[in-house]
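Asker: To be precise about what I am sending: the file is called work-v6.txt and holds compact mmCIF, C-alpha atoms.
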```
# COMPACT_ATOMS: atom_id res chain seq x y z
CA GLY A 1 82.87 23.08 -68.00
CA VAL A 2 79.51 22.62 -66.26
CA LEU A 3 78.76 25.93 -64.57
CA TYR A 4 81.43 28.22 -66.00
CA ASP A 5 84.58 28.34 -68.12
CA GLY A 6 87.56 29.69 -66.18
CA GLY A 7 89.92 32.29 -67.57
CA GLU A 8 91.11 35.87 -67.30
CA GLY A 9 89.02 37.99 -64.95
CA GLY A 10 87.42 34.89 -63.42
CA GLY A 11 85.94 33.40 -66.59
CA ALA A 12 82.38 33.36 -67.86
CA PRO A 13 79.19 31.51 -66.86
CA ILE A 14 77.89 28.94 -69.32
CA ALA A 15 74.61 30.13 -70.83
CA GLY A 16 71.64 29.14 -68.66
CA SER A 17 73.66 27.78 -65.76
CA VAL A 18 73.12 30.65 -63.30
CA GLU A 19 69.36 30.30 -63.73
CA ALA A 20 69.59 26.47 -63.55
CA VAL A 21 71.28 26.69 -60.14
CA ALA A 22 68.76 29.25 -58.94
CA ARG A 23 65.91 26.96 -60.03
CA LEU A 24 67.43 23.98 -58.18
CA LYS A 25 67.78 26.11 -55.06
CA ARG A 26 64.09 27.09 -55.28
CA SER A 27 63.06 23.42 -55.62
CA ARG A 28 62.74 20.90 -52.78
CA LEU A 29 65.96 19.22 -53.99
CA LYS A 30 69.16 19.24 -51.97
CA VAL A 31 72.12 20.55 -53.94
CA ARG A 32 75.86 20.09 -53.45
CA PHE A 33 78.72 21.25 -55.64
CA CYS A 34 81.44 18.62 -56.19
CA THR A 35 84.54 20.11 -57.73
CA ASN A 36 88.04 18.91 -58.54
CA GLU A 37 89.13 22.55 -58.58
CA SER A 38 92.54 22.43 -56.95
CA GLN A 39 94.04 25.78 -57.96
CA LYS A 40 91.83 27.80 -55.62
CA SER A 41 90.74 27.52 -52.01
CA ARG A 42 87.01 26.94 -51.47
CA GLY A 43 86.70 30.52 -50.22
CA HIS A 44 88.25 31.87 -53.40
CA LEU A 45 86.17 29.60 -55.63
CA VAL A 46 82.89 30.53 -53.95
CA ALA A 47 83.72 34.25 -54.12
CA LEU A 48 84.37 33.84 -57.86
CA LEU A 49 81.11 31.93 -58.42
CA ARG A 50 79.09 34.47 -56.45
CA GLN A 51 80.66 37.23 -58.53
CA LEU A 52 79.53 35.38 -61.67
CA GLY A 53 75.96 35.37 -60.29
CA TYR A 54 75.62 31.94 -58.64
CA ASP A 55 73.74 31.44 -55.39
CA ILE A 56 76.34 29.34 -53.54
CA SER A 57 78.06 29.23 -50.16
CA GLU A 58 81.29 27.63 -48.98
CA ASP A 59 79.60 24.89 -46.96
CA GLU A 60 77.84 23.58 -50.08
CA VAL A 61 81.15 22.71 -51.76
CA THR A 62 82.98 19.34 -51.71
CA ALA A 63 86.56 19.92 -52.87
CA PRO A 64 89.71 17.78 -52.92
CA ALA A 65 92.09 19.90 -50.84
CA PRO A 66 90.15 19.55 -47.56
CA ALA A 67 89.72 15.82 -48.27
CA ALA A 68 93.49 15.52 -48.79
CA CYS A 69 94.19 17.34 -45.51
CA GLN A 70 92.05 14.81 -43.66
CA ILE A 71 94.03 11.91 -45.22
CA LEU A 72 97.34 13.58 -44.34
CA ARG A 73 96.24 14.00 -40.71
CA GLU A 74 94.91 10.45 -40.40
CA ARG A 75 98.10 8.88 -41.77
CA GLY A 76 100.70 11.20 -40.22
CA LEU A 77 101.88 12.37 -43.65
CA ARG A 78 103.92 15.54 -44.06
CA PRO A 79 103.57 16.68 -47.67
CA HIS A 80 105.85 18.42 -50.06
CA LEU A 81 103.26 20.60 -51.82
CA LEU A 82 103.31 20.94 -55.61
CA VAL A 83 100.28 23.20 -55.69
CA HIS A 84 99.12 26.59 -56.86
CA ASP A 85 99.58 29.49 -54.43
CA GLY A 86 95.81 30.00 -54.61
CA VAL A 87 95.11 26.74 -52.74
CA ARG A 88 98.03 26.82 -50.30
CA SER A 89 95.87 28.34 -47.54
CA GLU A 90 93.85 25.08 -47.38
CA PHE A 91 97.06 23.39 -46.14
CA ALA A 92 97.90 26.05 -43.54
CA GLN A 93 97.37 23.65 -40.60
CA VAL A 94 99.44 20.83 -42.15
CA ASP A 95 103.01 20.04 -41.06
CA THR A 96 105.19 20.28 -44.18
CA SER A 97 108.58 19.86 -42.47
CA ASN A 98 110.81 16.93 -43.46
CA PRO A 99 108.30 15.69 -46.08
CA ASN A 100 107.36 12.01 -46.36
CA CYS A 101 104.97 12.36 -49.30
CA VAL A 102 104.09 14.65 -52.22
CA VAL A 103 100.72 16.29 -52.80
CA ILE A 104 100.17 17.39 -56.38
CA ALA A 105 97.31 19.64 -57.49
CA ASP A 106 96.63 21.79 -60.53
CA ALA A 107 99.62 24.09 -60.13
CA GLY A 108 99.19 25.83 -63.50
CA GLU A 109 102.27 27.96 -64.17
CA GLY A 110 103.71 26.38 -61.03
CA PHE A 111 104.40 23.24 -63.10
CA SER A 112 107.90 24.49 -63.93
CA TYR A 113 110.68 22.00 -64.62
CA GLN A 114 112.30 23.03 -61.37
CA ASN A 115 109.16 22.43 -59.29
CA MET A 116 108.41 19.11 -61.01
CA ASN A 117 111.99 17.97 -60.54
CA LYS A 118 111.92 18.90 -56.85
CA ALA A 119 108.79 16.81 -56.30
CA PHE A 120 110.40 13.96 -58.26
CA GLN A 121 113.53 14.10 -56.13
CA VAL A 122 111.51 14.11 -52.88
CA LEU A 123 109.67 10.97 -54.04
CA MET A 124 112.86 9.21 -55.15
CA GLU A 125 114.45 9.77 -51.76
CA LEU A 126 111.57 8.08 -49.91
CA GLU A 127 111.67 4.39 -49.13
CA ASN A 128 107.90 4.12 -49.72
CA PRO A 129 107.05 7.01 -52.01
CA VAL A 130 103.48 8.30 -51.55
CA LEU A 131 102.01 10.60 -54.19
CA ILE A 132 98.59 12.09 -53.52
CA SER A 133 96.96 13.67 -56.55
CA LEU A 134 94.03 16.08 -56.33
CA GLY A 135 92.12 14.68 -59.30
CA ARG A 136 93.17 12.99 -62.53
CA GLY A 137 91.82 15.58 -65.00
CA ARG A 138 93.46 15.57 -68.43
CA TYR A 139 92.65 19.18 -69.30
CA TYR A 140 90.08 21.89 -68.75
CA ARG A 141 88.75 24.72 -70.81
CA GLU A 142 89.55 28.33 -70.13
CA THR A 143 88.19 31.21 -72.15
CA SER A 144 91.62 31.32 -73.86
CA GLY A 145 91.60 27.60 -74.81
CA LEU A 146 92.34 24.14 -73.43
CA MET A 147 94.73 23.90 -70.49
CA LEU A 148 96.70 20.89 -69.19
CA ASP A 149 95.31 19.65 -65.89
CA VAL A 150 96.91 17.91 -62.92
CA GLY A 151 96.36 14.40 -64.32
CA ALA A 152 98.97 14.88 -67.03
CA TYR A 153 101.62 15.91 -64.49
CA THR A 154 100.62 13.13 -62.12
CA LYS A 155 101.22 10.66 -64.99
CA ALA A 156 104.68 12.18 -65.51
CA LEU A 157 105.67 11.62 -61.86
CA GLU A 158 104.11 8.14 -61.77
CA TYR A 159 106.13 7.13 -64.83
CA ALA A 160 109.39 8.67 -63.66
CA CYS A 161 109.16 7.13 -60.18
CA GLY A 162 107.52 3.83 -61.16
CA ILE A 163 104.66 4.37 -58.69
CA GLU A 164 100.90 4.90 -58.72
CA ALA A 165 99.31 7.98 -57.23
CA GLU A 166 96.42 7.95 -54.78
CA VAL A 167 93.69 10.13 -56.21
CA VAL A 168 91.64 12.42 -54.00
CA GLY A 169 88.64 13.96 -55.71
CA LYS A 170 86.45 12.70 -58.52
CA PRO A 171 86.25 9.83 -59.57
CA SER A 172 87.36 8.45 -56.20
CA PRO A 173 84.40 6.69 -54.52
CA GLU A 174 85.36 8.17 -51.13
CA PHE A 175 84.89 11.62 -52.57
CA PHE A 176 81.35 10.96 -53.82
CA LYS A 177 80.46 9.16 -50.60
CA SER A 178 81.55 12.11 -48.53
CA ALA A 179 79.39 14.41 -50.67
CA LEU A 180 76.39 12.09 -50.19
CA GLN A 181 77.02 12.03 -46.45
CA GLN A 182 77.15 15.82 -46.35
CA LEU A 183 73.80 15.89 -48.19
CA GLY A 184 72.32 13.22 -45.94
CA VAL A 185 71.00 11.11 -48.83
CA GLU A 186 71.61 7.62 -50.22
CA ALA A 187 73.35 7.07 -53.55
CA HIS A 188 70.16 5.90 -55.29
CA GLN A 189 68.44 9.15 -54.28
CA ALA A 190 71.06 11.35 -55.95
CA VAL A 191 71.94 12.36 -59.49
CA MET A 192 75.37 13.67 -60.49
CA ILE A 193 75.62 16.26 -63.27
CA GLY A 194 79.06 16.63 -64.86
CA ASP A 195 80.94 17.05 -68.13
CA ASP A 196 83.62 14.36 -67.65
CA ILE A 197 82.54 10.84 -68.64
CA VAL A 198 85.16 9.23 -66.37
CA GLY A 199 85.59 11.66 -63.49
CA ASP A 200 81.96 12.71 -63.06
CA VAL A 201 79.63 10.19 -64.72
CA GLY A 202 81.66 6.98 -64.31
CA GLY A 203 82.69 7.78 -60.74
CA ALA A 204 79.13 8.57 -59.64
CA GLN A 205 77.67 5.50 -61.34
CA ARG A 206 80.18 3.23 -59.61
CA CYS A 207 78.86 4.60 -56.31
CA GLY A 208 75.30 3.67 -57.23
CA MET A 209 74.23 7.17 -58.28
CA ARG A 210 72.59 8.10 -61.54
CA ALA A 211 74.53 10.62 -63.65
CA LEU A 212 73.92 13.10 -66.45
CA GLN A 213 76.62 14.31 -68.81
CA VAL A 214 76.67 17.83 -70.24
CA ARG A 215 79.12 18.88 -72.96
CA THR A 216 82.15 20.95 -71.96
CA GLY B 1 125.45 7.08 -66.85
CA VAL B 2 127.82 4.90 -68.91
CA LEU B 3 130.67 7.21 -69.94
CA TYR B 4 130.01 10.32 -67.89
CA ASP B 5 127.55 12.01 -65.55
CA GLY B 6 126.29 15.33 -66.92
CA GLY B 7 126.08 18.51 -64.86
CA GLU B 8 127.50 21.95 -64.31
CA GLY B 9 130.61 22.62 -66.36
CA GLY B 10 129.94 19.61 -68.61
CA GLY B 11 129.90 16.93 -65.94
CA ALA B 12 132.49 14.36 -64.99
CA PRO B 13 133.79 11.12 -66.59
CA ILE B 14 132.93 7.90 -64.79
CA ALA B 15 136.09 6.34 -63.36
CA GLY B 16 137.86 4.15 -65.91
CA SER B 17 135.64 5.02 -68.86
CA VAL B 18 138.08 7.29 -70.74
CA GLU B 19 140.67 4.50 -70.67
CA ALA B 20 138.04 1.89 -71.62
CA VAL B 21 137.11 3.83 -74.76
CA ALA B 22 140.77 4.33 -75.66
CA ARG B 23 141.37 0.59 -75.25
CA LEU B 24 138.42 -0.26 -77.51
CA LYS B 25 139.73 2.17 -80.11
CA ARG B 26 143.15 0.46 -80.02
CA SER B 27 141.53 -2.95 -80.49
CA ARG B 28 140.33 -4.43 -83.80
CA LEU B 29 136.70 -3.86 -82.67
CA LYS B 30 134.44 -1.37 -84.37
CA VAL B 31 132.91 1.11 -81.93
CA ARG B 32 129.82 3.27 -82.20
CA PHE B 33 128.26 5.53 -79.60
CA CYS B 34 124.46 5.24 -79.36
CA THR B 35 122.95 8.03 -77.32
CA ASN B 36 119.47 9.25 -76.48
CA GLU B 37 120.99 12.63 -75.63
CA SER B 38 118.45 15.07 -76.97
CA GLN B 39 119.40 18.31 -75.20
CA LYS B 40 122.54 18.85 -77.26
CA SER B 41 123.45 18.66 -80.95
CA ARG B 42 125.93 15.91 -81.87
CA GLY B 43 128.58 18.61 -82.41
CA HIS B 44 128.05 19.98 -78.92
CA LEU B 45 128.00 16.50 -77.37
CA VAL B 46 131.20 15.41 -79.08
CA ALA B 47 132.97 18.65 -78.11
CA LEU B 48 131.97 18.00 -74.50
CA LEU B 49 133.16 14.39 -74.57
CA ARG B 50 136.48 15.34 -76.16
CA GLN B 51 136.93 17.97 -73.46
CA LEU B 52 136.38 15.23 -70.86
CA GLY B 53 139.16 13.21 -72.50
CA TYR B 54 137.32 10.79 -74.81
CA ASP B 55 138.63 9.88 -78.25
CA ILE B 56 135.42 10.38 -80.25
CA SER B 57 134.28 12.11 -83.42
CA GLU B 58 130.87 13.24 -84.63
CA ASP B 59 130.51 10.53 -87.30
CA GLU B 60 130.80 7.81 -84.63
CA VAL B 61 127.61 8.96 -82.89
CA THR B 62 124.07 7.69 -83.48
CA ALA B 63 121.64 10.17 -81.94
CA PRO B 64 117.86 10.62 -82.06
CA ALA B 65 117.56 14.15 -83.49
CA PRO B 66 119.04 13.28 -86.92
CA ALA B 67 116.90 10.11 -86.99
CA ALA B 68 113.83 12.22 -86.24
CA CYS B 69 114.70 14.66 -89.04
CA GLN B 70 114.78 11.81 -91.51
CA ILE B 71 111.32 10.62 -90.41
CA LEU B 72 109.96 14.17 -90.69
CA ARG B 73 111.29 14.49 -94.24
CA GLU B 74 110.03 11.08 -95.34
CA ARG B 75 106.51 11.72 -94.08
CA GLY B 76 106.16 15.41 -94.93
CA LEU B 77 105.79 16.34 -91.26
CA ARG B 78 106.27 19.91 -90.07
CA PRO B 79 107.01 19.83 -86.36
CA HIS B 80 106.23 22.10 -83.50
CA LEU B 81 109.48 21.68 -81.53
CA LEU B 82 109.38 21.20 -77.76
CA VAL B 83 113.15 20.89 -77.46
CA HIS B 84 116.15 22.41 -75.72
CA ASP B 85 117.83 25.33 -77.50
CA GLY B 86 121.01 23.24 -77.53
CA VAL B 87 119.56 20.75 -80.04
CA ARG B 88 117.59 23.19 -82.18
CA SER B 89 120.39 23.45 -84.76
CA GLU B 90 119.82 19.78 -85.72
CA PHE B 91 116.38 20.85 -87.01
CA ALA B 92 117.65 23.87 -88.97
CA GLN B 93 116.71 22.34 -92.34
CA VAL B 94 113.21 21.29 -91.23
CA ASP B 95 110.08 23.24 -92.17
CA THR B 96 108.34 24.21 -88.93
CA SER B 97 105.64 26.44 -90.42
CA ASN B 98 101.98 25.52 -89.87
CA PRO B 99 102.88 22.46 -87.76
CA ASN B 100 101.19 19.08 -88.27
CA CYS B 101 103.04 17.21 -85.50
CA VAL B 102 104.96 17.75 -82.26
CA VAL B 103 108.55 16.66 -81.61
CA ILE B 104 109.42 16.41 -77.93
CA ALA B 105 112.97 16.00 -76.61
CA ASP B 106 114.68 16.53 -73.27
CA ALA B 107 113.90 20.24 -72.98
CA GLY B 108 115.11 20.57 -69.38
CA GLU B 109 114.09 23.99 -68.06
CA GLY B 110 112.21 24.39 -71.35
CA PHE B 111 109.50 22.12 -69.89
CA SER B 112 107.60 25.13 -68.58
CA TYR B 113 103.82 24.96 -68.20
CA GLN B 114 103.50 27.42 -71.04
CA ASN B 115 105.63 25.34 -73.44
CA MET B 116 103.95 22.08 -72.48
CA ASN B 117 100.51 23.64 -72.89
CA LYS B 118 101.42 25.03 -76.30
CA ALA B 119 102.52 21.57 -77.51
CA PHE B 120 99.30 20.11 -76.04
CA GLN B 121 97.17 22.67 -77.85
CA VAL B 122 98.94 22.01 -81.18
CA LEU B 123 98.22 18.28 -80.80
CA MET B 124 94.57 18.81 -79.82
CA GLU B 125 93.97 20.93 -82.91
CA LEU B 126 95.22 18.20 -85.27
CA GLU B 127 92.81 15.70 -86.75
CA ASN B 128 95.46 12.95 -86.52
CA PRO B 129 97.80 14.08 -83.75
CA VAL B 130 101.37 12.82 -84.23
CA LEU B 131 103.78 13.03 -81.29
CA ILE B 132 107.40 12.05 -81.92
CA SER B 133 109.43 11.57 -78.75
CA LEU B 134 113.24 11.47 -78.71
CA GLY B 135 113.57 8.63 -76.23
CA ARG B 136 111.45 7.44 -73.32
CA GLY B 137 113.94 7.96 -70.50
CA ARG B 138 112.46 8.33 -67.02
CA TYR B 139 115.34 10.30 -65.51
CA TYR B 140 119.07 10.74 -65.71
CA ARG B 141 121.77 11.56 -63.24
CA GLU B 142 123.56 14.87 -63.16
CA THR B 143 126.31 15.69 -60.73
CA SER B 144 123.66 17.67 -58.75
CA GLY B 145 121.20 14.75 -58.57
CA LEU B 146 118.48 12.94 -60.52
CA MET B 147 116.73 14.89 -63.26
CA LEU B 148 113.38 14.19 -64.98
CA ASP B 149 113.88 13.05 -68.56
CA VAL B 150 111.75 13.38 -71.69
CA GLY B 151 109.80 10.15 -71.07
CA ALA B 152 107.95 11.67 -68.14
CA TYR B 153 106.78 14.64 -70.19
CA THR B 154 105.89 12.41 -73.14
CA LYS B 155 103.64 10.44 -70.79
CA ALA B 156 101.96 13.67 -69.73
CA LEU B 157 101.11 14.63 -73.32
CA GLU B 158 100.05 11.08 -74.21
CA TYR B 159 97.64 11.03 -71.28
CA ALA B 160 96.25 14.51 -71.88
CA CYS B 161 95.68 13.91 -75.62
CA GLY B 162 94.73 10.22 -75.40
CA ILE B 163 97.42 9.27 -77.93
CA GLU B 164 100.61 7.20 -78.06
CA ALA B 165 103.93 8.76 -79.03
CA GLU B 166 106.27 7.35 -81.66
CA VAL B 167 109.65 6.91 -80.04
CA VAL B 168 112.85 7.72 -81.92
CA GLY B 169 116.01 6.55 -80.19
CA LYS B 170 116.66 3.63 -77.86
CA PRO B 171 114.87 1.18 -77.42
CA SER B 172 113.35 1.58 -80.90
CA PRO B 173 114.58 -1.30 -83.14
CA GLU B 174 115.05 1.10 -86.08
CA PHE B 175 117.54 3.05 -84.01
CA PHE B 176 119.71 0.02 -83.20
CA LYS B 177 119.45 -1.24 -86.79
CA SER B 178 120.67 2.08 -88.14
CA ALA B 179 123.67 1.93 -85.77
CA LEU B 180 124.46 -1.62 -86.95
CA GLN B 181 124.19 -0.50 -90.56
CA GLN B 182 126.53 2.39 -89.90
CA LEU B 183 129.02 -0.08 -88.36
CA GLY B 184 128.56 -2.55 -91.21
CA VAL B 185 128.01 -5.54 -88.91
CA GLU B 186 125.19 -7.98 -88.20
CA ALA B 187 123.28 -7.94 -84.91
CA HIS B 188 124.81 -11.21 -83.70
CA GLN B 189 128.29 -9.73 -84.18
CA ALA B 190 127.61 -6.76 -81.90
CA VAL B 191 127.37 -6.16 -78.18
CA MET B 192 125.55 -3.20 -76.65
CA ILE B 193 126.84 -1.69 -73.38
CA GLY B 194 124.38 0.49 -71.49
CA ASP B 195 122.99 1.34 -68.07
CA ASP B 196 119.25 1.18 -68.84
CA ILE B 197 117.72 -2.29 -68.65
CA VAL B 198 114.84 -1.34 -70.98
CA GLY B 199 116.28 1.29 -73.29
CA ASP B 200 119.75 -0.18 -73.79
CA VAL B 201 119.77 -3.86 -72.86
CA GLY B 202 116.20 -4.84 -73.74
CA GLY B 203 116.17 -2.87 -76.98
CA ALA B 204 119.46 -4.35 -78.18
CA GLN B 205 118.45 -7.89 -77.25
CA ARG B 206 115.19 -7.60 -79.18
CA CYS B 207 117.32 -6.77 -82.25
CA GLY B 208 119.36 -9.95 -81.80
CA MET B 209 122.37 -8.27 -80.18
CA ARG B 210 123.99 -9.28 -76.95
CA ALA B 211 124.00 -6.63 -74.23
CA LEU B 212 125.89 -5.75 -71.06
CA GLN B 213 124.45 -3.60 -68.30
CA VAL B 214 126.58 -1.26 -66.19
CA ARG B 215 125.24 0.54 -63.12
CA THR B 216 124.33 4.23 -63.41
```
As structure tokens, what does this structure read like?

Answerer:
Amino acid sequence: GVLYDGGEGGGAPIAGSVEAVARLKRSRLKVRFCTNESQKSRGHLVALLRQLGYDISEDEVTAPAPAACQILRERGLRPHLLVHDGVRSEFAQVDTSNPNCVVIADAGEGFSYQNMNKAFQVLMELENPVLISLGRGRYYRETSGLMLDVGAYTKALEYACGIEAEVVGKPSPEFFKSALQQLGVEAHQAVMIGDDIVGDVGGAQRCGMRALQVRT
Amino acid sequence: GVLYDGGEGGGAPIAGSVEAVARLKRSRLKVRFCTNESQKSRGHLVALLRQLGYDISEDEVTAPAPAACQILRERGLRPHLLVHDGVRSEFAQVDTSNPNCVVIADAGEGFSYQNMNKAFQVLMELENPVLISLGRGRYYRETSGLMLDVGAYTKALEYACGIEAEVVGKPSPEFFKSALQQLGVEAHQAVMIGDDIVGDVGGAQRCGMRALQVRT
């Protein structure tokens, strides 16, 4: 919605955005790409963006799956993964035996009744159910139209289980702070550009950053 | 959860419930069965219950699909149906061309990503999106375990579209009032027996009925 619209064959760049990124890269400004993309690994995402013409490398990307892995490690959590196959490689080093939490990401077609029900049952069997959600997006645009995002399915599990998910990714303050740290700048020195008034603009502003909204 | 637990082969009666219904039928008390079952037509449900040993006929059942059909007719609504094939026959007389609302029921395996996304897209294309939900149940028990109910998926669509669903079925006051009318008794003369503290007990009490809760 900011750089490109996803879809069949990788999607399409938004007019002017390839050149806008190139211009930023030529300037003295530091640039970092903060995404809630949770269907693809960073490697896959960067390959797609490069193919669409963007000058971008994997170490310039802040994404929720690696942030979730760090939380899982720190807290000794073993997730049941309700995620797309495209992002599963990010969790390769994580112990998923005998799960004591659920990680939900944008699973796309993977949001079958069977898969949702399995995640629900895992949560209901835990004494202290922990649900970690990679973002809270309502929907996103693909070239074929609007698509339900992870936030809708997170709501479904929250309601069914009577719990509240922990969100990793925008608009979580930790996520923006980690991006700022990776850039080596203070919040007041940074501007966030996004298309989501809550996830991008609101989240950044609450961290002390300025923010610009573009239309999806 | 009150009379029987659903599942493979039609499920199983809860111990004592077949005899309890028979005893009520032998008494001078009027009996009506109020269900949020929205996977099956009333005909199918009654056939199942009779097979399990219950003395019950179709005209003793208050169910959400017929109530929804009446609302659709009264308001000139043409639904996109996100429902189980088992209940589709209840909507046989309803015009579903060029939809101007969505009706969601317990679709079970029908809650695929594709079907959910289609319902979402129909709602997002409407100027005044109307979502009619047959119940708000969080989950129900089958012999194989707990299963996600329609309420979870209604929440998902509400969140994604930024709307609130209209609920047909328990705990909607209209639903209890129509059951009382069908019995020909006043609220204070009736007692509701159910297993859901919100849907059954709370809903009935708000209509001026007394209510008894049994454990699922």

Asker: Near Tyr4 in chain A, counting all atoms listed in the file, which residues have an atom at most 10 Å away, once you skip same-chain residues fewer than 6 positions from it, shown as a PyMOL selection string?

Answerer: chain A and resi 10-15+17-18+49+52+141-143+216

Asker: Dump as a ChimeraX atom specification the residues of chain B that approach chain A to within 9 Å, counting all atoms listed in the file.

Answerer: /B:108-114,116-118,120-121,124,137-139,145-149,151-162

Asker: Would you export the selected residues with C-alpha atoms as a PDB file, in the frame of the given file, please?

Answerer:
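The result, written out as out-v2.pdb:
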```
ATOM      1  CA  GLY B 108     115.110  20.570 -69.380  1.00  0.00           C
ATOM      2  CA  GLU B 109     114.090  23.990 -68.060  1.00  0.00           C
ATOM      3  CA  GLY B 110     112.210  24.390 -71.350  1.00  0.00           C
ATOM      4  CA  PHE B 111     109.500  22.120 -69.890  1.00  0.00           C
ATOM      5  CA  SER B 112     107.600  25.130 -68.580  1.00  0.00           C
ATOM      6  CA  TYR B 113     103.820  24.960 -68.200  1.00  0.00           C
ATOM      7  CA  GLN B 114     103.500  27.420 -71.040  1.00  0.00           C
ATOM      8  CA  MET B 116     103.950  22.080 -72.480  1.00  0.00           C
ATOM      9  CA  ASN B 117     100.510  23.640 -72.890  1.00  0.00           C
ATOM     10  CA  LYS B 118     101.420  25.030 -76.300  1.00  0.00           C
ATOM     11  CA  PHE B 120      99.300  20.110 -76.040  1.00  0.00           C
ATOM     12  CA  GLN B 121      97.170  22.670 -77.850  1.00  0.00           C
ATOM     13  CA  MET B 124      94.570  18.810 -79.820  1.00  0.00           C
ATOM     14  CA  GLY B 137     113.940   7.960 -70.500  1.00  0.00           C
ATOM     15  CA  ARG B 138     112.460   8.330 -67.020  1.00  0.00           C
ATOM     16  CA  TYR B 139     115.340  10.300 -65.510  1.00  0.00           C
ATOM     17  CA  GLY B 145     121.200  14.750 -58.570  1.00  0.00           C
ATOM     18  CA  LEU B 146     118.480  12.940 -60.520  1.00  0.00           C
ATOM     19  CA  MET B 147     116.730  14.890 -63.260  1.00  0.00           C
ATOM     20  CA  LEU B 148     113.380  14.190 -64.980  1.00  0.00           C
ATOM     21  CA  ASP B 149     113.880  13.050 -68.560  1.00  0.00           C
ATOM     22  CA  GLY B 151     109.800  10.150 -71.070  1.00  0.00           C
ATOM     23  CA  ALA B 152     107.950  11.670 -68.140  1.00  0.00           C
ATOM     24  CA  TYR B 153     106.780  14.640 -70.190  1.00  0.00           C
ATOM     25  CA  THR B 154     105.890  12.410 -73.140  1.00  0.00           C
ATOM     26  CA  LYS B 155     103.640  10.440 -70.790  1.00  0.00           C
ATOM     27  CA  ALA B 156     101.960  13.670 -69.730  1.00  0.00           C
ATOM     28  CA  LEU B 157     101.110  14.630 -73.320  1.00  0.00           C
ATOM     29  CA  GLU B 158     100.050  11.080 -74.210  1.00  0.00           C
ATOM     30  CA  TYR B 159      97.640  11.030 -71.280  1.00  0.00           C
ATOM     31  CA  ALA B 160      96.250  14.510 -71.880  1.00  0.00           C
ATOM     32  CA  CYS B 161      95.680  13.910 -75.620  1.00  0.00           C
ATOM     33  CA  GLY B 162      94.730  10.220 -75.400  1.00  0.00           C
TER      34      GLY B 162
END
```

Asker: Env of Ala165 in chain A: 7 Å cut, atoms = all atoms listed in the file, seq-sep filter 4 positions within chain, self excluded. Answer as a list in words.

Answerer: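 Non-adjacent residues within range: Leu131, Ile132, Ser133 and Glu158 of chain A.
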
Asker: For Ala204 in chain A, which residue out of A:Ala22, A:His84, A:Glu60, A:Cys34 is the nearest one, using all atoms listed in the file?

Answerer: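 Closest to Ala204 in chain A of all the choices is A:Cys34.
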
Asker: Can you measure CA of Gly202 in chain B to CA of Lys40 in chain B for me? One decimal in Å is fine.

Answerer: 24.8 Å

Asker: Excluding Pro66 in chain A and its own-chain neighbours fewer than 3 positions away, which residues fall within 12 Å of it when counting only C-alpha atoms? Please give them as a PyMOL selection string.

Answerer: chain A and resi 35-38+40-43+59+61-63+69-73+87-94+134+168-169+175+178

Asker: Name all residues at most 7 Å from range 76-80 of chain A (count all atoms listed in the file; drop same-chain ones fewer than 4 positions away) and give them as a PyMOL selection string.

Answerer: chain A and resi 72+95-97+99-103

Asker: Just the number, please: distance in Å from CA of Leu81 in chain B to CA of Glu8 in chain B, one decimal.

Answerer: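 So the answer is 24.9 Å.
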
Asker: What does the distance between CA of Glu58 in chain B and CA of Phe176 in chain B come to in Å, to one decimal place?

Answerer: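 These two atoms are separated by 17.4 Å.
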